[in-house]
Amino acid sequence: MGFSSKQMMGLGVFLFAIFVGVPLLIGATGRWDFYFTLTSVALLAIASAGVWLTFYIGRINIGQGAFALIGAYVSAILVVKAGWSFWLSLPAAGLFAALVAVLIGLPILRLRGVYFAMITLVLTQVVTLTALALPITNGAKGISNIPLPSGLSLFGIPLIPDFGSMENTKLAFYLTACILMVVTYAALYRLVNSRLGHLCRSMQQNEELASSIGVNIAYIRIVIFAISSFFGGLGGAMFGSIAQSVYPSSFQVADSVNFMLNCFLGGLGYVFGPMLGTLVLYFGWDLLFEFGKYQMLIYSTLLILIIRFLPNGLLSIRFSKGDKS
Amino acid sequence: MSSLIQVKNVTKKYGGLTANNDISFDVGEHEILSVIGPNGAGKSTLFKMISSFTPTTSGEVLYRGERISNLKPHIVARKGVVRTFQETTIFKSMTVRESVVVAQHLRAKASLAGYFWGSRTAQDDVAAFGKYADELLEFLGMSEIANELASNLPQGNLRALGIAIGLATAPKVLLLDEPFAGMNHDETMNMVNLVRSVRDERGVTIMLVEHDMPAVMSISDRIVVLNFGEKIAEGTPSEIQNNENVIEAYLGSADDEIGM
């Protein structure tokens, strides 16, 4: 597949920066707390990638928090109660979230626009309440004794070391999250540029015309929503493992809204938009901490201004020049 | 001429309103059949039922003896019966060529997963889609605007784009929704020639809904006339022009649609 040399270089610089640059910089400055921040950004970016994908079929998804929470609980329960390896529970969490998405998506994906958005907005609350009510999720006490991921070996060859015996789990988690994020976005990029992505674009622009050319729009919608929720489950499971605990409030409606804002901010037209959006939004909020009680006011004003003046997201600044020529 | 599509006793009711009442006719293979009628005669509704965009209340539509009504639109398209829309229904942020490539969905041999991993079959598909798109646009005289964004096209080209998208699915029957609406004489004649060559050179059976009488008379092998949801006449253009029911329906409707 044709990548220009410029794209290859950009990718190289990016990979070098996150896998070598950041650890060196943190080592030099001693700001170890940044590992946790950047790990969070990477994981939130994974969940945001899923939300971006539902935007790609023309649906506003404000329910990713629900699937992140489901993923976190599934992984926690499998590790704590069933004794699974975390590394096995991770894909299982994603798959379970995807399965739930299929069941929920069947009835609600027929809805469009604000109606779909409103139903998804409720989902996070529904999952939170379910987690409070079910015995297996331990109610409000949550699951708070999740062990660190154990080592993983295949045919006696160690693939992943035991996190429990590590001195620097922060670095290990950071690298794991970055690898997951890179794989997620590579998959997303590939998907968008394959036929499935083209069909999504056709549906986003005109569902009637898409179905007239033989696209099974109901099926594609379900597949996309499932993949989207898989990413949500993955991100959530990893989060639970880092925090070593999951509570019904681990992901709330506000988180779901943030996942959506990440996509808006970065740009709905760009695959890597949600990644940038997550980074800017997360750091933006932290940087405004100094303003104390005005933090929310300034934050929301800035967001409104950005959405007003950059409706195609931050990445449109870079690309707008080329488009107009 | 064997009949390819059979419309059998099709009725559509919206609440108390009867949009189509007990309509029956056949469409022969390689025929160009027009459905005409004053505004509100139920032409569009009939089209929607044939393409399964809306279910029938009673009756059925058969394609080669197989029922195609009351299914899903994509299944009907898969069988080879494809409709076009009026000009506003396009993929507006795709180029002409991209639209025609994506519309070849039904010709794909590889699975969606195959495309994701870039399998051999998928690569062959992509090459074949591009080749067919170029060939089709050449045939339609649209090669020059292949890389234009659909949203930048003038109205006449949008209509052609709609037909290009429909043809890209390699249909057996193409249902055209008002292909001549809003066109001047020259544009209409070009479109008439285009539709005719689609039938003659591609072997596609054509059904169209239209208001433009001169165009309908010159292009159609047969015409079905609807009025107030009922079929009032069926026949060749000369039979229709001399049919008393038709004349009455048009003159009685007090508009100048007949335009002859």
# chains A, B, ... in the order shown; residues from 1 in each chain; ligands from 1
>>> select_by_dssp(residues="segment 82-253 of chain B", states="alpha helix (DSSP H)", output="ChimeraX atom specification")
/B:96-102,112-117,120-139,155-168,185-202,213-219,237-241,244-252
>>> interface_residues(of="chain A", to="chain B", cutoff="12 Å", atoms="only C-alpha atoms", output="number ranges by chain")
A: 1, 186-220, 223-224, 269
>>> write_last_selection(atoms="C-alpha atoms", output="tab-separated table (two decimals), in the first residue's frame")
chain	number	residue	atom	x	y	z
A	1	MET	CA	0.00	0.00	0.00
A	186	ALA	CA	-3.05	1.03	12.48
A	187	ALA	CA	-6.14	-1.20	12.33
A	188	LEU	CA	-8.43	1.83	12.14
A	189	TYR	CA	-6.37	3.35	9.34
A	190	ARG	CA	-6.43	0.09	7.44
A	191	LEU	CA	-10.16	-0.33	7.97
A	192	VAL	CA	-10.98	3.17	6.80
A	193	ASN	CA	-8.91	2.71	3.66
A	194	SER	CA	-10.30	-0.73	2.85
A	195	ARG	CA	-13.66	-1.50	1.25
A	196	LEU	CA	-15.43	-1.55	4.61
A	197	GLY	CA	-14.30	2.05	5.11
A	198	HIS	CA	-15.53	3.04	1.67
A	199	LEU	CA	-18.92	1.48	2.40
A	200	CYS	CA	-19.05	3.39	5.70
A	201	ARG	CA	-18.40	6.62	3.82
A	202	SER	CA	-21.15	5.83	1.36
A	203	MET	CA	-23.55	5.20	4.26
A	204	GLN	CA	-22.46	8.34	6.08
A	205	GLN	CA	-23.28	10.41	3.02
A	206	ASN	CA	-26.49	8.75	1.92
A	207	GLU	CA	-27.95	5.60	3.44
A	208	GLU	CA	-30.71	5.28	0.84
A	209	LEU	CA	-28.32	5.45	-2.07
A	210	ALA	CA	-25.98	3.04	-0.30
A	211	SER	CA	-28.72	0.47	0.09
A	212	SER	CA	-29.75	0.97	-3.55
A	213	ILE	CA	-26.29	-0.13	-4.69
A	214	GLY	CA	-26.62	-3.29	-2.63
A	215	VAL	CA	-24.97	-2.33	0.66
A	216	ASN	CA	-26.52	-4.16	3.60
A	217	ILE	CA	-26.57	-1.06	5.73
A	218	ALA	CA	-28.05	-2.71	8.83
A	219	TYR	CA	-25.24	-5.30	8.84
A	220	ILE	CA	-22.44	-2.77	8.31
A	223	VAL	CA	-20.24	-4.53	12.50
A	224	ILE	CA	-18.94	-0.98	12.93
A	269	GLY	CA	-12.32	13.66	8.88
>>> residues_around(residues="segment 202-218 of chain B", least_positions_apart="5", cutoff="9 Å", atoms="only C-alpha atoms", output="PyMOL selection string")
chain B and resi 4+27-39+43-44+47+167+170-181+188-189+192+195-197+223+236-238+241+257-260
>>> select_by_dssp(residues="segment 98-222 of chain B", states="strand (DSSP E or B)", output="list in words")
Leu149, Val173, Leu174, Leu175, Leu176, Asp177, Thr205, Ile206, Met207, Leu208, Val209 and Arg222 of chain B
>>> write_last_selection(atoms="C-alpha atoms", output="PDB file, in the first residue's frame")
ATOM      1  CA  LEU B 149     -16.306  16.193  -6.237  1.00  0.00           C
ATOM      2  CA  VAL B 173     -33.080  -3.737 -14.673  1.00  0.00           C
ATOM      3  CA  LEU B 174     -32.508  -0.050 -14.009  1.00  0.00           C
ATOM      4  CA  LEU B 175     -35.317   2.061 -12.575  1.00  0.00           C
ATOM      5  CA  LEU B 176     -34.799   5.733 -13.430  1.00  0.00           C
ATOM      6  CA  ASP B 177     -36.581   8.340 -11.342  1.00  0.00           C
ATOM      7  CA  THR B 205     -33.914  -3.268 -19.209  1.00  0.00           C
ATOM      8  CA  ILE B 206     -35.109   0.227 -18.343  1.00  0.00           C
ATOM      9  CA  MET B 207     -38.137   1.434 -16.423  1.00  0.00           C
ATOM     10  CA  LEU B 208     -38.586   5.116 -15.916  1.00  0.00           C
ATOM     11  CA  VAL B 209     -40.927   7.531 -14.219  1.00  0.00           C
ATOM     12  CA  ARG B 222     -44.354   0.937 -24.057  1.00  0.00           C
TER      13      ARG B 222
END
>>> closest_residue(among="A:Val280, A:Ala66, A:Met296, A:Ala254", to="Val126 of chain A", atoms="only C-alpha atoms")
A:Ala66
>>> residues_around(residues="Glu187 of chain B", least_positions_apart="6", cutoff="10 Å", atoms="only C-alpha atoms", output="CSV table (one decimal) with N, CA and C atoms, in the first residue's frame")
chain,number,residue,atom,x,y,z
B,156,GLY,N,-27.1,18.7,-14.5
B,156,GLY,CA,-27.2,17.8,-15.6
B,156,GLY,C,-26.2,16.6,-15.3
B,157,ASN,N,-25.0,17.0,-14.8
B,157,ASN,CA,-24.0,15.9,-14.6
B,157,ASN,C,-24.4,15.1,-13.4
B,180,PHE,N,-35.2,13.2,-16.8
B,180,PHE,CA,-35.1,14.3,-17.7
B,180,PHE,C,-35.6,15.6,-17.0
B,193,ASN,N,-30.6,9.7,-25.6
B,193,ASN,CA,-29.6,8.9,-26.3
B,193,ASN,C,-28.8,8.0,-25.4
>>> residues_around(residues="Pro149 of chain A", least_positions_apart="5", cutoff="9 Å", atoms="only C-alpha atoms", output="tab-separated table (two decimals) with N, CA and C atoms, in the first residue's frame")
chain	number	residue	atom	x	y	z
A	79	VAL	N	-10.01	-12.09	35.72
A	79	VAL	CA	-8.71	-12.21	36.38
A	79	VAL	C	-8.89	-12.60	37.86
A	85	SER	N	-5.37	-15.22	32.95
A	85	SER	CA	-4.27	-14.27	32.74
A	85	SER	C	-4.87	-12.98	32.21
A	86	PHE	N	-4.30	-11.84	32.66
A	86	PHE	CA	-4.83	-10.55	32.20
A	86	PHE	C	-4.77	-10.46	30.68
A	87	TRP	N	-3.72	-11.01	30.10
A	87	TRP	CA	-3.51	-10.87	28.66
A	87	TRP	C	-4.57	-11.62	27.85
A	161	PRO	N	6.94	-10.03	30.38
A	161	PRO	CA	7.38	-10.33	31.75
A	161	PRO	C	6.27	-10.11	32.76
A	162	ASP	N	6.44	-10.68	33.94
A	162	ASP	CA	5.48	-10.53	35.03
A	162	ASP	C	5.54	-9.10	35.57
A	163	PHE	N	4.41	-8.38	35.51
A	163	PHE	CA	4.40	-7.00	35.96
A	163	PHE	C	4.62	-6.90	37.48
A	164	GLY	N	4.20	-7.98	38.20
A	164	GLY	CA	4.29	-7.97	39.65
A	164	GLY	C	5.73	-7.92	40.14
A	241	SER	N	-6.86	-2.53	34.91
A	241	SER	CA	-5.67	-3.24	35.33
A	241	SER	C	-4.62	-2.29	35.92
A	242	ILE	N	-4.53	-1.10	35.34
A	242	ILE	CA	-3.56	-0.12	35.85
A	242	ILE	C	-3.99	0.41	37.21
>>> atom_distance(atom1="atom CA of Met275 of chain A", atom2="atom CA of Ile104 of chain A")
26.4 Å
>>> residues_around(residues="segment 112-125 of chain A", least_positions_apart="4", cutoff="9 Å", atoms="only C-alpha atoms", output="PDB file with C-alpha atoms, in the first residue's frame")
ATOM      1  CA  GLY A  58     -22.941   8.977  10.561  1.00  0.00           C
ATOM      2  CA  ARG A  59     -23.882   8.161  14.147  1.00  0.00           C
ATOM      3  CA  ILE A  60     -23.102  10.314  17.177  1.00  0.00           C
ATOM      4  CA  ASN A  61     -21.962   7.949  19.910  1.00  0.00           C
ATOM      5  CA  ILE A  62     -22.037   9.284  23.471  1.00  0.00           C
ATOM      6  CA  GLY A  63     -21.990   5.826  25.032  1.00  0.00           C
ATOM      7  CA  GLN A  64     -18.391   4.678  24.865  1.00  0.00           C
ATOM      8  CA  GLY A  65     -18.061   4.965  28.663  1.00  0.00           C
ATOM      9  CA  ALA A  66     -20.565   2.103  28.918  1.00  0.00           C
ATOM     10  CA  PHE A  67     -18.379  -0.204  26.863  1.00  0.00           C
ATOM     11  CA  LEU A  69     -16.894   0.045  31.939  1.00  0.00           C
ATOM     12  CA  ILE A 108     -31.032   1.299  18.355  1.00  0.00           C
ATOM     13  CA  LEU A 129     -26.636   0.973  37.556  1.00  0.00           C
ATOM     14  CA  THR A 130     -26.314  -2.609  36.353  1.00  0.00           C
ATOM     15  CA  PHE A 251     -16.481   5.482  33.727  1.00  0.00           C
ATOM     16  CA  GLN A 252     -19.295   7.978  33.884  1.00  0.00           C
ATOM     17  CA  VAL A 253     -21.478   9.899  31.478  1.00  0.00           C
ATOM     18  CA  SER A 256     -18.576   9.247  27.412  1.00  0.00           C
ATOM     19  CA  VAL A 257     -19.006  12.903  26.524  1.00  0.00           C
TER      20      VAL A 257
END
>>> residues_around(residues="Arg159 of chain B", least_positions_apart="4", cutoff="8 Å", atoms="only C-alpha atoms", output="ChimeraX atom specification")
/B:86-87,155,163,179
>>> atom_distance(atom1="atom CA of Met183 of chain B", atom2="atom CA of Ile219 of chain B")
15.5 Å
>>> atom_distance(atom1="atom CA of Leu11 of chain A", atom2="atom CA of Gly232 of chain A")
24.1 Å
